[in-house]
file final30.cif (mmCIF, C-alpha atoms)
data_protein
#
loop_
_atom_site.label_atom_id
_atom_site.label_comp_id
_atom_site.auth_asym_id
_atom_site.auth_seq_id
_atom_site.Cartn_x
_atom_site.Cartn_y
_atom_site.Cartn_z
CA THR A 22 0.00 0.00 0.00
CA SER A 23 2.88 2.39 0.74
CA ASN A 24 4.27 1.78 -2.77
CA GLN A 25 0.83 2.49 -4.20
CA LYS A 26 0.39 5.75 -2.30
CA GLN A 27 3.81 7.10 -3.21
CA PRO A 28 2.98 7.95 -6.88
CA PHE A 29 -0.23 9.79 -5.80
CA LYS A 30 1.76 11.80 -3.29
CA GLU A 31 4.33 12.83 -5.89
CA LEU A 32 1.56 13.64 -8.36
CA SER A 33 -0.17 15.81 -5.79
CA GLU A 34 3.04 17.67 -5.03
CA ASN A 35 3.71 18.20 -8.72
CA LEU A 36 0.19 19.59 -9.26
CA GLU A 37 0.54 21.98 -6.34
CA GLY A 38 3.90 23.13 -7.62
CA SER A 39 2.57 23.70 -11.12
CA LEU A 40 -0.34 25.80 -9.82
CA CYS A 41 1.90 27.91 -7.65
CA ARG A 42 4.71 28.39 -10.21
CA PRO A 43 4.19 31.39 -12.54
CA GLN A 44 4.21 30.60 -16.26
CA ARG A 45 7.10 31.94 -18.26
CA SER A 46 6.96 33.50 -21.68
CA LYS A 47 8.10 31.69 -24.80
CA TRP A 48 11.21 29.67 -24.24
CA LYS A 49 13.98 29.52 -26.78
CA ARG A 50 15.28 26.05 -27.17
CA ARG A 51 18.91 25.47 -27.93
CA PRO A 52 20.03 22.68 -30.18
CA CYS A 53 20.43 19.36 -28.47
CA CYS A 54 23.90 18.64 -29.59
CA SER A 55 26.30 21.45 -30.31
CA GLY A 56 29.28 19.21 -30.92
CA GLY A 57 27.85 16.47 -33.10
CA LEU A 58 26.25 13.07 -32.53
CA ASP A 59 29.50 11.39 -31.54
CA ARG A 60 30.08 13.77 -28.69
CA GLU A 61 29.06 12.49 -25.27
CA ASN A 62 26.89 14.87 -23.16
CA THR A 63 27.12 15.01 -19.41
CA PRO A 64 23.97 15.66 -17.28
CA ASN A 65 25.17 19.17 -16.50
CA GLU A 66 25.43 19.99 -20.17
CA LEU A 67 21.92 18.67 -20.83
CA ILE A 68 20.52 20.82 -18.04
CA GLN A 69 22.18 23.92 -19.47
CA GLN A 70 21.01 23.17 -22.99
CA TRP A 71 17.34 22.58 -22.10
CA SER A 72 16.93 25.16 -19.34
CA PRO A 73 15.27 28.51 -20.24
CA PRO A 74 17.52 31.50 -20.67
CA HIS A 75 18.22 33.57 -17.59
CA LYS A 76 17.09 37.15 -17.39
CA LYS A 77 19.83 39.59 -18.26
CA ILE A 78 20.95 41.82 -15.49
CA LEU A 79 20.71 45.43 -16.56
CA THR A 80 23.58 47.50 -15.32
CA SER A 81 24.49 51.10 -15.75
CA ALA A 82 27.56 51.48 -18.01
CA LYS A 83 27.47 55.20 -18.59
CA GLY A 84 30.10 57.33 -16.95
CA LYS A 85 33.45 56.45 -15.57
CA GLU A 86 32.29 56.95 -12.02
CA ASN A 87 29.98 53.92 -12.40
CA GLU A 88 32.54 51.50 -13.79
CA GLU A 89 33.64 50.35 -10.37
CA ASN A 90 30.22 50.61 -8.65
CA VAL A 91 28.00 48.45 -10.78
CA PHE A 92 24.36 48.42 -9.69
CA VAL A 93 21.36 46.42 -10.81
CA LEU A 94 18.16 47.92 -12.20
CA ALA A 95 15.11 46.08 -10.88
CA ARG A 96 11.37 46.78 -10.88
CA ARG A 97 9.98 47.52 -7.45
CA PRO A 98 6.89 45.36 -6.66
CA ARG A 99 3.65 47.28 -6.63
CA LYS A 100 1.87 47.74 -3.39
CA ARG A 101 -1.46 45.97 -3.16
CA ARG A 102 -4.20 48.50 -3.29
CA GLU A 103 -7.27 47.91 -1.18
CA SER A 104 -10.42 47.98 -3.23
CA SER A 105 -12.57 50.94 -2.42
CA ALA A 106 -15.59 49.18 -3.90
CA GLY A 107 -15.91 46.63 -1.06
CA LEU A 108 -14.84 46.04 2.52
CA CYS A 109 -13.55 42.94 4.25
CA TRP A 110 -16.23 40.95 6.09
CA ASP A 111 -14.00 40.82 9.16
CA SER A 112 -14.07 44.61 9.41
CA LEU A 113 -17.88 44.73 9.71
CA PRO A 114 -19.27 45.18 13.26
CA ASP A 115 -21.46 42.49 14.83
CA GLU A 116 -24.57 44.66 14.59
CA LEU A 117 -24.25 45.02 10.82
CA LEU A 118 -23.53 41.31 10.30
CA LEU A 119 -26.57 40.41 12.42
CA GLY A 120 -28.69 42.65 10.21
CA ILE A 121 -27.44 40.78 7.15
CA LEU A 122 -27.93 37.35 8.71
CA SER A 123 -31.48 38.24 9.69
CA HIS A 124 -32.49 38.05 6.02
CA LEU A 125 -31.25 34.47 5.55
CA SER A 126 -33.42 31.37 5.53
CA LEU A 127 -33.03 28.63 8.12
CA GLN A 128 -30.90 26.43 5.86
CA ASP A 129 -28.64 29.32 4.78
CA LEU A 130 -28.22 30.46 8.37
CA LEU A 131 -27.04 27.00 9.38
CA ARG A 132 -24.58 26.91 6.49
CA THR A 133 -23.27 30.33 7.49
CA SER A 134 -22.60 29.11 11.02
CA ARG A 135 -19.91 26.75 9.65
CA VAL A 136 -17.79 29.50 8.09
CA CYS A 137 -15.77 30.48 11.17
CA LYS A 138 -16.05 30.79 14.93
CA ARG A 139 -17.23 34.38 14.79
CA TRP A 140 -19.95 33.64 12.29
CA HIS A 141 -21.01 30.59 14.30
CA ARG A 142 -21.44 32.79 17.36
CA LEU A 143 -23.42 35.38 15.41
CA ALA A 144 -25.53 32.79 13.56
CA PHE A 145 -26.86 31.50 16.88
CA ASP A 146 -27.55 34.91 18.37
CA GLU A 147 -30.93 34.91 20.10
CA SER A 148 -32.14 37.84 17.98
CA LEU A 149 -32.13 35.56 14.90
CA TRP A 150 -33.97 32.64 16.52
CA HIS A 151 -36.99 34.37 18.04
CA SER A 152 -39.46 32.34 15.91
CA VAL A 153 -38.88 28.92 14.33
CA ASP A 154 -41.22 26.64 12.36
CA LEU A 155 -39.97 23.03 12.12
CA VAL A 156 -43.09 21.51 10.57
CA GLY A 157 -42.00 18.74 8.21
CA LYS A 158 -38.94 17.79 10.24
CA ALA A 159 -39.80 14.17 11.04
CA GLN A 160 -37.16 13.61 13.71
CA LEU A 161 -35.86 16.06 16.30
CA ASP A 162 -33.00 15.02 18.54
CA ALA A 163 -30.37 17.44 19.77
CA GLU A 164 -31.71 20.10 17.36
CA LEU A 165 -34.71 20.86 19.59
CA GLY A 166 -32.51 21.65 22.56
CA GLN A 167 -30.22 23.76 20.38
CA VAL A 168 -33.12 25.81 18.97
CA LEU A 169 -34.70 26.36 22.39
CA SER A 170 -31.33 27.23 23.95
CA ALA A 171 -30.70 29.74 21.16
CA GLY A 172 -33.48 31.87 22.64
CA ALA A 173 -36.52 30.93 20.54
CA LEU A 174 -39.67 32.73 21.65
CA ARG A 175 -41.97 30.91 19.23
CA LEU A 176 -41.56 27.25 18.23
CA ARG A 177 -43.88 25.21 16.04
CA CYS A 178 -43.17 21.49 15.62
CA PRO A 179 -46.41 19.41 15.74
CA HIS A 180 -46.57 15.79 14.52
CA THR A 181 -42.84 15.34 15.13
CA CYS A 182 -40.92 12.47 16.67
CA ILE A 183 -38.90 14.00 19.51
CA ALA A 184 -35.98 12.15 21.08
CA GLN A 185 -33.87 13.43 23.96
CA PRO A 186 -32.94 17.10 23.37
CA VAL A 187 -29.55 18.29 24.54
CA PHE A 188 -29.42 21.29 26.87
CA LYS A 189 -25.92 22.53 27.68
CA SER A 190 -27.02 24.27 30.88
CA ALA A 191 -29.86 24.35 33.39
CA GLN A 192 -30.81 27.87 32.36
CA LYS A 193 -34.51 28.61 31.93
CA LEU A 194 -35.83 28.85 28.38
CA ARG A 195 -37.25 32.03 26.85
CA VAL A 196 -39.96 30.30 24.82
CA GLN A 197 -43.42 31.89 25.08
CA HIS A 198 -45.42 30.19 22.32
CA LEU A 199 -44.96 26.42 21.98
CA ASP A 200 -46.85 23.94 19.78
CA LEU A 201 -46.09 20.27 20.46
CA SER A 202 -49.46 18.92 19.29
CA ASN A 203 -49.62 15.20 18.53
CA CYS A 204 -45.86 14.69 18.82
CA THR A 205 -44.32 11.29 19.49
CA VAL A 206 -42.40 11.95 22.67
CA GLU A 207 -41.63 10.27 25.97
CA THR A 208 -43.24 11.75 29.07
CA SER A 209 -39.84 12.13 30.72
CA VAL A 210 -38.63 14.25 27.77
CA LEU A 211 -41.70 16.48 28.08
CA GLU A 212 -41.02 16.87 31.80
CA ASP A 213 -37.46 17.97 31.06
CA ILE A 214 -38.56 20.54 28.46
CA LEU A 215 -41.51 22.05 30.35
CA SER A 216 -39.61 22.19 33.66
CA ARG A 217 -37.36 24.78 31.97
CA CYS A 218 -40.28 27.00 30.90
CA ASN A 219 -41.49 29.89 33.05
CA HIS A 220 -42.72 32.37 30.45
CA LEU A 221 -45.24 30.40 28.41
CA GLN A 222 -48.20 32.37 27.08
CA ASN A 223 -49.58 29.94 24.49
CA LEU A 224 -49.16 26.18 24.78
CA SER A 225 -50.59 23.22 22.88
CA LEU A 226 -50.01 19.66 24.13
CA GLU A 227 -52.90 18.11 22.22
CA GLY A 228 -52.95 14.32 22.17
CA LEU A 229 -49.99 13.79 24.51
CA VAL A 230 -49.55 11.62 27.59
CA LEU A 231 -48.71 13.97 30.46
CA SER A 232 -47.96 13.58 34.15
CA ASP A 233 -48.55 15.38 37.42
CA SER A 234 -45.00 16.74 37.19
CA ILE A 235 -45.81 18.35 33.84
CA ILE A 236 -49.03 19.91 35.16
CA GLN A 237 -47.07 21.25 38.15
CA SER A 238 -44.54 22.79 35.75
CA LEU A 239 -47.40 24.46 33.86
CA ALA A 240 -48.53 25.99 37.13
CA GLN A 241 -45.25 27.96 37.19
CA ASN A 242 -46.28 29.72 33.96
CA THR A 243 -48.67 32.21 35.49
CA GLU A 244 -48.80 34.33 32.31
CA ILE A 245 -50.32 31.60 30.15
CA VAL A 246 -53.26 32.83 28.06
CA ARG A 247 -54.11 29.92 25.74
CA LEU A 248 -53.90 26.30 26.87
CA ASN A 249 -54.76 23.33 24.66
CA LEU A 250 -54.98 19.99 26.53
CA CYS A 251 -57.35 18.32 24.07
CA GLY A 252 -57.08 14.52 24.17
CA CYS A 253 -54.49 14.48 26.97
CA SER A 254 -54.15 11.92 29.75
CA GLY A 255 -51.93 10.79 32.60
CA PHE A 256 -52.50 13.39 35.36
CA SER A 257 -54.69 13.59 38.44
CA PRO A 258 -57.63 15.92 39.23
CA GLU A 259 -55.66 17.40 42.13
CA SER A 260 -52.77 18.60 39.99
CA LEU A 261 -55.25 19.98 37.44
CA ALA A 262 -57.05 21.96 40.14
CA GLU A 263 -53.77 23.41 41.48
CA MET A 264 -52.71 24.44 37.99
CA LEU A 265 -56.00 26.27 37.35
CA LYS A 266 -55.65 28.10 40.66
CA SER A 267 -52.18 29.37 39.69
CA CYS A 268 -52.86 30.27 36.06
CA THR A 269 -55.39 33.03 36.60
CA ARG A 270 -54.87 34.75 33.23
CA ILE A 271 -56.13 31.97 30.98
CA GLU A 272 -58.48 33.27 28.30
CA GLU A 273 -58.81 30.22 26.04
CA MET A 274 -58.82 26.64 27.30
CA ASN A 275 -59.48 23.40 25.43
CA VAL A 276 -59.89 20.29 27.60
CA SER A 277 -62.12 18.34 25.22
CA TRP A 278 -61.97 14.58 24.84
CA SER A 279 -59.28 14.10 27.45
CA ASP A 280 -59.04 10.97 29.58
CA PHE A 281 -61.08 12.54 32.36
CA ASN A 282 -63.48 11.14 34.87
CA ASN A 283 -66.08 12.98 36.91
CA LEU A 284 -63.44 14.22 39.35
CA HIS A 285 -61.46 15.88 36.56
CA VAL A 286 -64.59 17.64 35.34
CA GLN A 287 -65.32 18.83 38.87
CA ALA A 288 -61.76 20.14 39.18
CA ILE A 289 -62.33 22.24 36.07
CA VAL A 290 -65.76 23.67 36.82
CA ASN A 291 -64.82 24.52 40.42
CA ASN A 292 -61.45 26.12 39.69
CA ILE A 293 -61.66 27.56 36.19
CA PRO A 294 -60.46 31.18 36.22
CA SER A 295 -63.03 33.90 35.64
CA SER A 296 -60.75 35.31 32.93
CA VAL A 297 -61.71 32.49 30.52
CA THR A 298 -63.67 33.77 27.52
CA GLN A 299 -63.42 30.65 25.29
CA LEU A 300 -63.92 27.13 26.63
CA ASN A 301 -64.15 23.74 24.95
CA ILE A 302 -65.25 21.08 27.43
CA SER A 303 -66.88 18.70 24.97
CA GLY A 304 -66.81 14.91 24.88
CA TYR A 305 -67.61 13.98 28.48
CA ARG A 306 -70.89 12.16 27.97
CA GLN A 307 -72.39 11.48 31.41
CA ASN A 308 -69.56 13.21 33.31
CA LEU A 309 -70.80 16.74 32.53
CA THR A 310 -74.11 17.51 34.27
CA MET A 311 -76.50 20.42 34.25
CA GLU A 312 -75.08 21.54 37.60
CA ASP A 313 -71.65 21.70 36.01
CA VAL A 314 -73.01 23.92 33.22
CA LYS A 315 -74.47 26.30 35.81
CA ALA A 316 -71.12 26.40 37.68
CA ILE A 317 -69.25 27.25 34.47
CA VAL A 318 -71.67 30.09 33.62
CA ASN A 319 -71.38 31.52 37.15
CA ARG A 320 -67.57 31.38 37.22
CA CYS A 321 -67.05 32.66 33.66
CA PRO A 322 -69.69 35.33 32.94
CA ASN A 323 -67.67 36.75 30.00
CA LEU A 324 -67.71 33.63 27.85
CA THR A 325 -67.90 34.35 24.12
CA ASN A 326 -67.26 30.82 22.82
CA LEU A 327 -68.58 27.69 24.58
CA ASP A 328 -68.49 24.10 23.31
CA LEU A 329 -70.57 21.54 25.25
CA SER A 330 -70.82 18.97 22.46
CA ASP A 331 -71.23 15.25 23.21
CA SER A 332 -72.67 15.85 26.66
CA VAL A 333 -75.74 13.66 26.78
CA LEU A 334 -76.96 15.04 30.12
CA VAL A 335 -77.33 18.60 28.80
CA THR A 336 -81.00 19.34 28.12
CA THR A 337 -83.15 22.26 27.00
CA ASP A 338 -83.13 23.41 30.61
CA SER A 339 -79.65 24.76 29.90
CA PHE A 340 -81.02 27.43 27.54
CA PRO A 341 -82.11 29.91 30.26
CA VAL A 342 -78.76 29.38 31.97
CA LEU A 343 -76.81 30.01 28.78
CA GLN A 344 -78.89 33.09 28.05
CA LYS A 345 -77.23 34.77 31.05
CA LEU A 346 -74.03 34.91 29.01
CA SER A 347 -74.60 38.30 27.41
CA CYS A 348 -71.30 38.12 25.47
CA LEU A 349 -71.88 34.65 24.01
CA ARG A 350 -71.19 34.60 20.25
CA HIS A 351 -70.44 30.96 19.45
CA LEU A 352 -72.19 27.93 20.95
CA ALA A 353 -71.75 24.24 20.14
CA LEU A 354 -74.28 21.60 21.31
CA SER A 355 -73.57 18.88 18.74
CA ARG A 356 -74.75 15.39 19.67
CA CYS A 357 -76.38 16.54 22.89
CA TYR A 358 -79.20 14.11 22.24
CA GLN A 359 -81.41 15.24 25.16
CA ILE A 360 -82.12 18.47 23.23
CA HIS A 361 -85.15 18.18 20.94
CA PRO A 362 -84.70 19.69 17.46
CA ALA A 363 -87.91 21.73 17.75
CA SER A 364 -86.58 23.47 20.88
CA LEU A 365 -83.71 24.98 18.87
CA MET A 366 -86.05 27.74 17.73
CA ASP A 367 -85.71 29.17 21.26
CA PHE A 368 -82.32 30.53 20.22
CA GLU A 369 -84.09 33.42 18.56
CA LYS A 370 -83.92 34.98 22.04
CA PHE A 371 -80.10 34.94 21.86
CA LEU A 372 -79.76 38.23 20.02
CA ASN A 373 -75.94 38.34 20.15
CA LEU A 374 -75.38 34.73 19.12
CA GLN A 375 -73.61 34.44 15.76
CA THR A 376 -72.93 30.72 15.21
CA LEU A 377 -74.67 27.58 16.47
CA GLU A 378 -73.31 24.06 15.96
CA VAL A 379 -75.90 21.30 16.36
CA PHE A 380 -74.43 18.47 14.27
CA GLY A 381 -76.28 15.21 14.85
CA LEU A 382 -79.42 16.83 16.28
CA ILE A 383 -81.26 17.73 13.10
CA GLN A 384 -81.72 16.14 9.74
CA ASP A 385 -80.50 17.80 6.57
CA SER A 386 -84.07 18.32 5.41
CA TYR A 387 -84.88 20.35 8.54
CA LEU A 388 -81.76 22.55 8.35
CA PRO A 389 -83.17 25.09 5.81
CA ILE A 390 -86.26 25.57 7.99
CA LEU A 391 -84.11 26.18 11.08
CA CYS A 392 -81.83 28.60 9.20
CA LYS A 393 -84.87 30.55 8.03
CA GLY A 394 -86.26 30.78 11.57
CA LEU A 395 -82.89 31.85 12.98
CA ALA A 396 -81.83 34.21 10.21
CA HIS A 397 -79.31 36.08 12.40
CA ILE A 398 -77.41 32.86 13.29
CA GLN A 399 -75.12 30.75 11.11
CA ILE A 400 -75.88 27.09 11.76
CA ASN A 401 -73.45 24.14 11.37
CA THR A 402 -70.67 26.10 9.72
CA GLN A 403 -67.75 24.98 11.95
CA PRO A 404 -67.42 21.21 12.42
CA PHE A 405 -64.08 21.63 14.23
CA SER A 406 -63.44 23.76 17.29
CA THR A 407 -60.80 26.50 17.11
CA VAL A 408 -60.59 27.15 20.86
CA ALA A 409 -56.94 27.49 22.00
CA ARG A 410 -55.68 25.60 18.95
CA PRO A 411 -52.50 27.07 17.41
CA THR A 412 -53.55 26.56 13.80
CA THR A 413 -57.14 26.18 12.68
CA ALA A 414 -58.15 23.57 10.14
CA THR A 415 -59.54 26.20 7.77
CA ARG A 416 -56.31 28.20 7.48
CA LYS A 417 -53.72 27.34 4.86
CA ASP A 418 -50.89 29.43 6.30
CA ARG A 419 -48.31 28.35 8.87
CA THR A 420 -49.23 30.72 11.66
CA LEU A 421 -48.91 30.02 15.35
CA TRP A 422 -51.91 31.50 17.17
CA GLY A 423 -51.96 34.13 14.44
CA LEU A 424 -48.21 34.78 14.73
CA HIS A 425 -45.78 34.12 11.87
CA CYS A 426 -42.42 32.39 12.27
CA ARG A 427 -39.35 33.88 10.55
CA LEU A 428 -37.23 30.74 10.27
CA VAL A 429 -39.10 28.00 8.43
CA TYR A 430 -37.87 24.48 7.78
CA LYS A 431 -38.20 23.51 4.11
CA HIS A 432 -37.83 19.84 3.22
#
call {"tool": "encode", "arguments": {"input": "final30.cif", "output": "structure tokens"}}
result
Amino acid sequence: TSNQKQPFKELSENLEGSLCRPQRSKWKRRPCCSGGLDRENTPNELIQQWSPPHKKILTSAKGKENEENVFVLARRPRKRRESSAGLCWDSLPDELLLGILSHLSLQDLLRTSRVCKRWHRLAFDESLWHSVDLVGKAQLDAELGQVLSAGALRLRCPHTCIAQPVFKSAQKLRVQHLDLSNCTVETSVLEDILSRCNHLQNLSLEGLVLSDSIIQSLAQNTEIVRLNLCGCSGFSPESLAEMLKSCTRIEEMNVSWSDFNNLHVQAIVNNIPSSVTQLNISGYRQNLTMEDVKAIVNRCPNLTNLDLSDSVLVTTDSFPVLQKLSCLRHLALSRCYQIHPASLMDFEKFLNLQTLEVFGLIQDSYLPILCKGLAHIQINTQPFSTVARPTTATRKDRTLWGLHCRLVYKH
């Protein structure tokens, strides 16, 4: 193998030498043999015959005073002039480079970080990572910890498989808006991430298996405004009640179709903050009673959006109770089978009501009659709830609770 490598090494050295050596002008070849074919040439003579002519040294021969002091005329090398049209990147201040980097895409920013140490430091400045959209990234390992540690305020990565993120320190994260809906992630990993969060304002954990430790970590985020726990499981009613007591600024809450029993429902209706204006508590069948509906209305008088769908114990007796909500704009009673279709005409008394969802209660043939009787209300126009969800099903954009992300992953 050493004998095989030797020719490649010599070839590499020859190529480097040829690229570095300046090309000469036309060479004048001398005749091979000046003394005839029978004359033997030594190697030194061959070298002299085939070598290019040397440059002539120009000397000054004028004047007797210069005969003894012979001097050489040579051209002084030109000084390299700095181009006035552009400046060196190294001379630019950090603030100007950050302004340039702020216009790069996510992929270009990551490539830039590999240029040098300075650019790596600037490429991961927190001012460039305030909002990141990683939708389409199937697997997140150490990248998630790196993005969050870079100072991301908004992070969107639903439907992603999350392994163990790497955090270089125990410092608290700056993230305020976090969408982890329907991710494939271990509960212990979620505990590690959410235990580092103290400034959450919007959070979606839809479809995840949680724990009491996670709910206790959420209780530390007292500024949370929108909370989506749709389809969640794994935590006790006691931890849920303590979290609701701490988070007194919640305005939108979605706890529909979670793995709740009657005690969980009681923890919600007895501790829900009065600041809540949009609530989705659908899907609890026999666990949500008329008394629970009355408790919700009393604790949250400013409700504008209420979803009680799939609660079979809710009857027409709830109408007078719901009418106390003077700000109510959107109401969902789908598949509440104790409500008779003919009684829906009573909603003409709800003068401020704008939309009414009663899927499963009326036949398609009766819908035009109901729409005509309730002309001021749009009926069965929203099959999916939008309460506290980061991205609604009807929107095509990639917003996060109406907020755009600057860095977007493109696969």
call {"tool": "closest_residue", "arguments": {"input": "final30.cif", "among": "A:Asn326, A:Ser355, A:Ser126, A:Ser134", "to": "A:Asp154", "atoms": "all atoms listed in the file"}}
result
A:Ser126
call {"tool": "residues_around", "arguments": {"input": "final30.cif", "residues": "A:Leu388", "least_positions_apart": "4", "cutoff": "12 Å", "atoms": "all atoms listed in the file", "output": "PyMOL selection string"}}
result
chain A and resi 362-363+365-366+377-384+392-396+399-402
call {"tool": "write_last_selection", "arguments": {"input": "final30.cif", "atoms": "C-alpha atoms", "output": "compact mmCIF listing (two decimals), in the frame of the given file"}}
result
# COMPACT_ATOMS: atom_id res chain seq x y z
CA PRO A 362 -84.70 19.69 17.46
CA ALA A 363 -87.91 21.73 17.75
CA LEU A 365 -83.71 24.98 18.87
CA MET A 366 -86.05 27.74 17.73
CA LEU A 377 -74.67 27.58 16.47
CA GLU A 378 -73.31 24.06 15.96
CA VAL A 379 -75.90 21.30 16.36
CA PHE A 380 -74.43 18.47 14.27
CA GLY A 381 -76.28 15.21 14.85
CA LEU A 382 -79.42 16.83 16.28
CA ILE A 383 -81.26 17.73 13.10
CA GLN A 384 -81.72 16.14 9.74
CA CYS A 392 -81.83 28.60 9.20
CA LYS A 393 -84.87 30.55 8.03
CA GLY A 394 -86.26 30.78 11.57
CA LEU A 395 -82.89 31.85 12.98
CA ALA A 396 -81.83 34.21 10.21
CA GLN A 399 -75.12 30.75 11.11
CA ILE A 400 -75.88 27.09 11.76
CA ASN A 401 -73.45 24.14 11.37
CA THR A 402 -70.67 26.10 9.72
call {"tool": "atom_distance", "arguments": {"input": "final30.cif", "atom1": "atom CA of A:Leu119", "atom2": "atom CA of A:Leu143"}}
result
6.6 Å
call {"tool": "resolve_selection", "arguments": {"input": "final30.cif", "expression": "the PyMOL selection byres ((chain A and resi 407) around 12)", "output": "VMD selection string"}}
result
chain A and resid 247 to 249 251 273 to 275 277 299 to 301 326 to 328 351 353 403 to 406 408 to 416 422 to 423
call {"tool": "write_last_selection", "arguments": {"input": "final30.cif", "atoms": "C-alpha atoms", "output": "compact mmCIF listing (two decimals), in the coordinates of the input"}}
result
# COMPACT_ATOMS: atom_id res chain seq x y z
CA ARG A 247 -54.11 29.92 25.74
CA LEU A 248 -53.90 26.30 26.87
CA ASN A 249 -54.76 23.33 24.66
CA CYS A 251 -57.35 18.32 24.07
CA GLU A 273 -58.81 30.22 26.04
CA MET A 274 -58.82 26.64 27.30
CA ASN A 275 -59.48 23.40 25.43
CA SER A 277 -62.12 18.34 25.22
CA GLN A 299 -63.42 30.65 25.29
CA LEU A 300 -63.92 27.13 26.63
CA ASN A 301 -64.15 23.74 24.95
CA ASN A 326 -67.26 30.82 22.82
CA LEU A 327 -68.58 27.69 24.58
CA ASP A 328 -68.49 24.10 23.31
CA HIS A 351 -70.44 30.96 19.45
CA ALA A 353 -71.75 24.24 20.14
CA GLN A 403 -67.75 24.98 11.95
CA PRO A 404 -67.42 21.21 12.42
CA PHE A 405 -64.08 21.63 14.23
CA SER A 406 -63.44 23.76 17.29
CA VAL A 408 -60.59 27.15 20.86
CA ALA A 409 -56.94 27.49 22.00
CA ARG A 410 -55.68 25.60 18.95
CA PRO A 411 -52.50 27.07 17.41
CA THR A 412 -53.55 26.56 13.80
CA THR A 413 -57.14 26.18 12.68
CA ALA A 414 -58.15 23.57 10.14
CA THR A 415 -59.54 26.20 7.77
CA ARG A 416 -56.31 28.20 7.48
CA TRP A 422 -51.91 31.50 17.17
CA GLY A 423 -51.96 34.13 14.44
call {"tool": "resolve_selection", "arguments": {"input": "final30.cif", "expression": "the PyMOL selection byres ((chain A and resi 115) around 12)", "output": "compact mmCIF listing (two decimals) with C-alpha atoms, in the frame of the given file"}}
result
# COMPACT_ATOMS: atom_id res chain seq x y z
CA TRP A 110 -16.23 40.95 6.09
CA ASP A 111 -14.00 40.82 9.16
CA SER A 112 -14.07 44.61 9.41
CA LEU A 113 -17.88 44.73 9.71
CA PRO A 114 -19.27 45.18 13.26
CA GLU A 116 -24.57 44.66 14.59
CA LEU A 117 -24.25 45.02 10.82
CA LEU A 118 -23.53 41.31 10.30
CA LEU A 119 -26.57 40.41 12.42
CA GLY A 120 -28.69 42.65 10.21
CA ILE A 121 -27.44 40.78 7.15
CA LEU A 122 -27.93 37.35 8.71
CA ARG A 139 -17.23 34.38 14.79
CA TRP A 140 -19.95 33.64 12.29
CA HIS A 141 -21.01 30.59 14.30
CA ARG A 142 -21.44 32.79 17.36
CA LEU A 143 -23.42 35.38 15.41
CA ALA A 144 -25.53 32.79 13.56
CA ASP A 146 -27.55 34.91 18.37
call {"tool": "residues_around", "arguments": {"input": "final30.cif", "residues": "A:Arg175", "least_positions_apart": "6", "cutoff": "7 Å", "atoms": "all atoms listed in the file", "output": "PyMOL selection string"}}
result
chain A and resi 151-153+196-199
call {"tool": "write_last_selection", "arguments": {"input": "final30.cif", "atoms": "C-alpha atoms", "output": "short mmCIF file (atom, residue, chain, number, x, y, z; two decimals), in the frame of the given file"}}
result
data_model
loop_
_atom_site.label_atom_id
_atom_site.label_comp_id
_atom_site.auth_asym_id
_atom_site.auth_seq_id
_atom_site.Cartn_x
_atom_site.Cartn_y
_atom_site.Cartn_z
CA HIS A 151 -36.99 34.37 18.04
CA SER A 152 -39.46 32.34 15.91
CA VAL A 153 -38.88 28.92 14.33
CA VAL A 196 -39.96 30.30 24.82
CA GLN A 197 -43.42 31.89 25.08
CA HIS A 198 -45.42 30.19 22.32
CA LEU A 199 -44.96 26.42 21.98
#
call {"tool": "atom_distance", "arguments": {"input": "final30.cif", "atom1": "atom CA of A:Ser347", "atom2": "atom CA of A:Phe368"}}
result
13.1 Å
call {"tool": "residues_around", "arguments": {"input": "final30.cif", "residues": "A:His397", "least_positions_apart": "4", "cutoff": "9 Å", "atoms": "only C-alpha atoms", "output": "list in words"}}
result
Glu369, Leu372, Asn373, Leu374, Gln375, Thr376, Cys392 and Lys393 of chain A
call {"tool": "resolve_selection", "arguments": {"input": "final30.cif", "expression": "the PyMOL selection byres ((chain A and resi 226) around 6)", "output": "PyMOL selection string"}}
result
chain A and resi 201-202+225+227+229+250
call {"tool": "residues_around", "arguments": {"input": "final30.cif", "residues": "A:Pro258", "least_positions_apart": "5", "cutoff": "10 Å", "atoms": "all atoms listed in the file", "output": "PyMOL selection string"}}
result
chain A and resi 233+263-264+281-289
call {"tool": "closest_residue", "arguments": {"input": "final30.cif", "among": "A:Pro179, A:Gly304, A:Gly252, A:Gly166", "to": "A:Ile214", "atoms": "all atoms listed in the file"}}
result
A:Gly166
call {"tool": "atom_distance", "arguments": {"input": "final30.cif", "atom1": "atom CA of A:Gln241", "atom2": "atom CA of A:Leu176"}}
result
19.3 Å
call {"tool": "closest_residue", "arguments": {"input": "final30.cif", "among": "A:Arg419, A:Lys158, A:Lys138, A:Lys345", "to": "A:Lys431", "atoms": "all atoms listed in the file"}}
result
A:Lys158
call {"tool": "residues_near_point", "arguments": {"input": "final30.cif", "point": "(-45.2, 32.5, 32.5)", "cutoff": "9 Å", "atoms": "all atoms listed in the file", "output": "tab-separated table (two decimals) with C-alpha atoms, in the coordinates of the input"}}
result
chain	number	residue	atom	x	y	z
A	197	GLN	CA	-43.42	31.89	25.08
A	218	CYS	CA	-40.28	27.00	30.90
A	219	ASN	CA	-41.49	29.89	33.05
A	220	HIS	CA	-42.72	32.37	30.45
A	221	LEU	CA	-45.24	30.40	28.41
A	222	GLN	CA	-48.20	32.37	27.08
A	239	LEU	CA	-47.40	24.46	33.86
A	240	ALA	CA	-48.53	25.99	37.13
A	241	GLN	CA	-45.25	27.96	37.19
A	242	ASN	CA	-46.28	29.72	33.96
A	243	THR	CA	-48.67	32.21	35.49
A	244	GLU	CA	-48.80	34.33	32.31
A	245	ILE	CA	-50.32	31.60	30.15
A	268	CYS	CA	-52.86	30.27	36.06
